[in-house]
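Structure first, then comments.
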Amino acid sequence: MRQVFFSIALLSFTVFSGFLFFNEPDSSTEKKDKKAKSVSAPAFMNEQSEAWADSILQTMSLEEKIGQLFMVAAYSNRDEAHQQDLDSLIENYHIGGLIFFQGSPTKQVEMTNHFQAKSKIPLMIGIDGEWGLAMRLDSTIKYPKQMTLGAIQDNDLIYAMGKQVAEQCQRMGIHINFAPVADINNNPDNPVINYRSFGEDRQKVTLKSLAYMNGMQDQKLLTSGKHFPGHGDTDADSHKTLPIISHDLERLDTVEFVPFRHMIDSGLTSMMVAHLYIPSLDKTPNRASTLSKKVVTDLLQTDLGFQGLIFTDALNMRGVSAYFDPGQLEVAALEAGNDVLLFPENVPAAVVAIKSAIDQKKISIKEIDAHCKKILQAKHWVGLNKFSPIETKDLVEDLNQKDAVYLNQRLFESALTVIKNDNELLPIRDLSTKTIATVNIGVGAENTFSSMVDRYCSVTKFDMPRELSYEQANQKVDELKGYNTVIVSTFDMSQRPYQNFGFTKETNDFINLLAMDSSKTIILNVMGNPYCLEKMDCTDKVDAIVINYEEREETESLSAQLIFGGITAQGVLPVSIGDKWTAGHGLKTTSPIRMKYTLPEELGIKDADLVKIDEIVQEGLDQGVFPGCQILAAKDGKVFLYKGYGKHTYEKDAKPVEVTDIYDLASITKIASSTASIMKLQDEGQVHVDSTLDEYLHDMVDSTDYEDITLKQMMTHQAGFKAWIPFYIRTLHKGQPKIELYSIKQTDFFNLRVAEDLYIHDGVRDSIFQRILSTDVSSKKKYLYSDLGYYFLNEIIQRKTGMTQDQYVDQTFYKPLGLDNIGYKPRDKWDISRIPPTEDDQSFRHQIIHADVHDQGAAMLGGVCGHAGLFANANDLGVMMQMFMQYGRYGGERYIDQNVVKQFTSSPYYDINRNRRGIGFDKPVRGGGNGPTCSGCASDASFGHSGFTGTLTWADPETGLVFVFLSNRTFPDAENRQIISLSTRTRIMQVLYDAIATGEERLAKVNS
């Protein structure tokens, strides 16, 4: 509900701010008076906090009060001497807080517990966590930087990020996060803010700063607006020198001050003052705003009405430290009106100097008391009045919860921005006409981006350095001549303006050379700061540009999905790119047209909902049900589970299963190849399932019991055919292949590969059909599962298309769909190391069957048949099932008429004799009971198929589920039937149905 209220608040603020930003009062005095009346006091300014602070303050010595004003730097990756130095500052100088920098979570918590035990008054612990704890700590979630957040249009996501960052800080015992950066970055050459800013638009920076602030403060984490009064329009780094801002007061008031003013009005708990020289506010030479009473007291506190904690920026930065001796800097900061002295270089010297200033009446004890009381009030609000040690058990796990990981993915996804998309090139369609190459600049050809592209289509991968000679660039262009679509991705970039953010002139020249071929389509995928394109002219030559803002595994995966239509572009530019594209520009791409690869949390599903799958699979591995398996599950086109388990075989050193591995699908061939082909041919009017075999194979079936059998009867297993014929037995002599039928070498006559060093005579096809046709057909047309009809379908497909079945399905479906990991004859397509073996066959081929079809009949036909022979990984089979579930449409293209798919996935004989089968497809057992699905879980509209090798795939249009389970349960012994007796596949299916239902319930509650 909090998010709902926040959305309303943002909407109200948006309306108000439109008036504010474009209808400023004429009189700045009137404006200040109106603003002062609307200021909300920070939440820690309450009676309970004040009472506790007063009670503590009465017990404190002057030295203890002064000590509370220091927040000292701490590092959890330094040695014991560093810890001892901090111990001394706590014990001898009573410092009030620590700001932690680099290190690890567990070590930081251990140090925090140690230091808190030593401190009389609990320490306020701070961190610079602009993009979460990962800005300083390893093993934590690295949220997007603020420029990336600036591209997001849904500010509720930024609020949610603030909430999660606060929860993670509190788990660490951190009380203040020095964020958000509220600077408006209106200078592309800004060397210190830049990507740390939400952007150049004052209204959007304000709204996003408020969202981040409220997300954290609603969880009782102190936040700090920075860097007041605005560090965005600088070209110098205050870490190294004192930047100068020359704008007059009117400009500052209507631009730079705006986000800070509204954060103050909304109850900002603390402010960090920047090290800037701003003559229009204070003309004192070299007087940093941090040390200016005119800025800190008169402007910030009096004019803007800020009542929260005021922190200096780090006092070790050369922007201020270059002009003062140790101790005098801290005195000047207190005189200016700051409450907390951040990152002092010499606490002992500072304490001496402050006490001297008190003696000289430059600073009053009353001022020290006021600063100290405010700090104590903030400490009470964050719970330091009852501090207890922080638990280290499960710390890293707690900081990396899946809900937070998913939100991080959502943030990056929402930020991806398309700034150019000529002819609506994105998402890429019509893959059958595309020859695609990826060029990764700055990294190797293989990375997360490339791996995700592989899930969508076959590409050739190239890499090249960011800096290369003209000759090298020309050579690379020559290598790319055979490709009509090139995706150029820039990696290993920089966030520094002086390096043009890592986009080199050589890269620009290479793209221009590539674009000289007008037949090429070029997509530029920028893994970095959008400012990098400002000075580059290659942007005129490319056809599409995607901005990722950061090089991260998330953006690599998501940008590939955007380019191929798994997700849509939602982001807008937070900054202008010269005169080419203004802030706010962003093109939307069409709705998703292909599978999306996401986390279960997007569907409301949690790890606990799916853990049973791991347990069921582990049971299978432990009991020898199969050596390994591969699982894919998707809902509504969103893949939320894609995982490999176990190994290829039971040997200890066997290859672990990977999601890219290829399995023998066995009878799933019936739907993913044969049924798909017949549907397509019926769609084109070349065949019809109500026609008889005689119509298509007259010369073969004339005057036989088979001539009046319809395709529909065969495909629903209602033709009366015999269940199975072991064709191979008659080709053996004393258990060995007959020498007149087989050869150990491939020749013109023995040209069909059966297995390694085993080829069969090409006349076997006629023999197989003669054997089938000599077998009686039962007059009782009732359900009996049979492979025999699919031999006929294989023949029909060849005759109707003029191609072998493997050629036809590859050309008609697999290539256009971008599926490079499904097909027949696996040895011709993939490295056999990717293919688990299926059986140690000692009855026919006398060898381990590896990368050859397991089914004996299909093997005798060279591996291409209607009922078996297809190999695939779970991803590509999942795409086929998604296409079926979308009634013939996928990737923005229609492959089969929807009415044809609906006909084939129905149960045409169920009302006649309770035959559950579809036309080619298996269907669930109605009313519950044993079958291909979990009992009662799958809808009557669902369909799929299983395979003898231990495979199963299912699609349910009513729930949106696509499920793929691949295994080699037949290895080494095909008689191993435990996968059925243990109901392994259907139990996993039940877990998935339950998880989806639970997820939908969770999402419904959230949305309500």
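Chain identifiers are assigned as A, B, and so on, following the order in which chains appear in the structure tokens; residues are numbered from 1 within each chain, and ligands are numbered from 1 in order of appearance.
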
What are the closest atom pairs, with distances in Å to one decimal, for all residues of segment 64-159 of chain A lying within 12 Å of segment 311-314 of chain A? Consider only C-alpha atoms, order rows by chain and residue number, and present the result as CSV.
residue,atom,partner,partner_atom,distance
A:Leu69,CA,A:Phe311,CA,9.5
A:Phe70,CA,A:Phe311,CA,9.8
A:Met71,CA,A:Phe311,CA,9.2
A:Val72,CA,A:Ala314,CA,9.5
A:Ala73,CA,A:Ala314,CA,9.3
A:Gly97,CA,A:Phe311,CA,11.9
A:Ile99,CA,A:Ala314,CA,10.2
A:Gly126,CA,A:Phe311,CA,11.4
A:Asp128,CA,A:Ala314,CA,11.0

*Quick one: everything within 12 Å of Ser197 of chain A, counting only C-alpha atoms, minus sequence neighbours fewer than 3 positions away in the same chain. Send it as a VMD selection string.*
chain A and resid 130 to 131 144 to 151 179 to 188 190 to 194 200 to 202 204 to 206 208 to 209 225 to 227 230 to 233 259 529 574 to 575

Leaving out Val901 of chain A and any residue of its chain fewer than 5 positions from it, which residues lie within 12 Å of it when counting only C-alpha atoms, given as a PDB file with C-alpha atoms, in the first residue's frame?
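Result written to selection_24.pdb:
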ATOM      1  CA  ILE A 671       4.894 -32.922 -32.427  1.00  0.00           C
ATOM      2  CA  THR A 675       2.763 -32.593 -36.475  1.00  0.00           C
ATOM      3  CA  ALA A 676       4.162 -29.112 -37.066  1.00  0.00           C
ATOM      4  CA  SER A 677       4.798 -30.065 -40.702  1.00  0.00           C
ATOM      5  CA  ILE A 678       1.345 -31.543 -41.272  1.00  0.00           C
ATOM      6  CA  MET A 679      -0.293 -28.496 -39.679  1.00  0.00           C
ATOM      7  CA  LYS A 680       1.666 -26.241 -42.000  1.00  0.00           C
ATOM      8  CA  LEU A 681       0.804 -28.344 -45.048  1.00  0.00           C
ATOM      9  CA  GLN A 682      -2.872 -28.359 -44.079  1.00  0.00           C
ATOM     10  CA  ASP A 683      -2.696 -24.581 -43.596  1.00  0.00           C
ATOM     11  CA  MET A 881       5.920 -25.133 -27.631  1.00  0.00           C
ATOM     12  CA  MET A 883       4.679 -21.010 -30.781  1.00  0.00           C
ATOM     13  CA  PHE A 884       2.110 -23.809 -30.541  1.00  0.00           C
ATOM     14  CA  MET A 885       0.587 -22.271 -27.408  1.00  0.00           C
ATOM     15  CA  GLN A 886       0.316 -18.924 -29.186  1.00  0.00           C
ATOM     16  CA  TYR A 887      -1.617 -20.821 -31.861  1.00  0.00           C
ATOM     17  CA  GLY A 888       1.003 -20.630 -34.554  1.00  0.00           C
ATOM     18  CA  ARG A 889       2.465 -17.183 -33.941  1.00  0.00           C
ATOM     19  CA  ARG A 894       2.607 -16.364 -38.163  1.00  0.00           C
ATOM     20  CA  TYR A 895       3.772 -19.869 -38.957  1.00  0.00           C
ATOM     21  CA  ILE A 896       0.486 -21.781 -38.836  1.00  0.00           C
ATOM     22  CA  SER A 906      -8.185 -30.624 -29.486  1.00  0.00           C
ATOM     23  CA  GLY A 918      -5.052 -34.659 -29.905  1.00  0.00           C
ATOM     24  CA  ILE A 919      -4.007 -34.813 -33.520  1.00  0.00           C
ATOM     25  CA  GLY A 920      -0.358 -35.561 -32.979  1.00  0.00           C
ATOM     26  CA  PHE A 921      -0.395 -34.092 -29.492  1.00  0.00           C
ATOM     27  CA  ALA A 941      -6.835 -27.213 -23.320  1.00  0.00           C
ATOM     28  CA  PHE A 943      -1.153 -30.476 -24.811  1.00  0.00           C
TER      29      PHE A 943
END

*Nearest to Gly319 of chain A among A:Ala719, A:Leu395, A:Leu252, A:Ala236, with distances taken over only C-alpha atoms: which residue is it?*
A:Ala236

*Just the residues within 9 Å of Met527 of chain A, please, counting only C-alpha atoms, with nothing from its chain fewer than 2 positions along; format it as a ChimeraX atom specification.*
/A:489-493,525,529-530,546-552,555-556

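Atom CA of Met516 of chain A lies 14.1 Å from atom CA of Gln475 of chain A.
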
*List every residue of segment 297-353 of chain A that DSSP, applied to the backbone of this structure, assigns to helix (DSSP H, G or I), and report them as an MDAnalysis selection string.*
chainID A and resid 297:303 318:321 328:336 347:353

*asked:* To one decimal place in Å, what is the distance between atom CA of His854 of chain A and atom CA of Thr838 of chain A?
replied: 6.4 Å
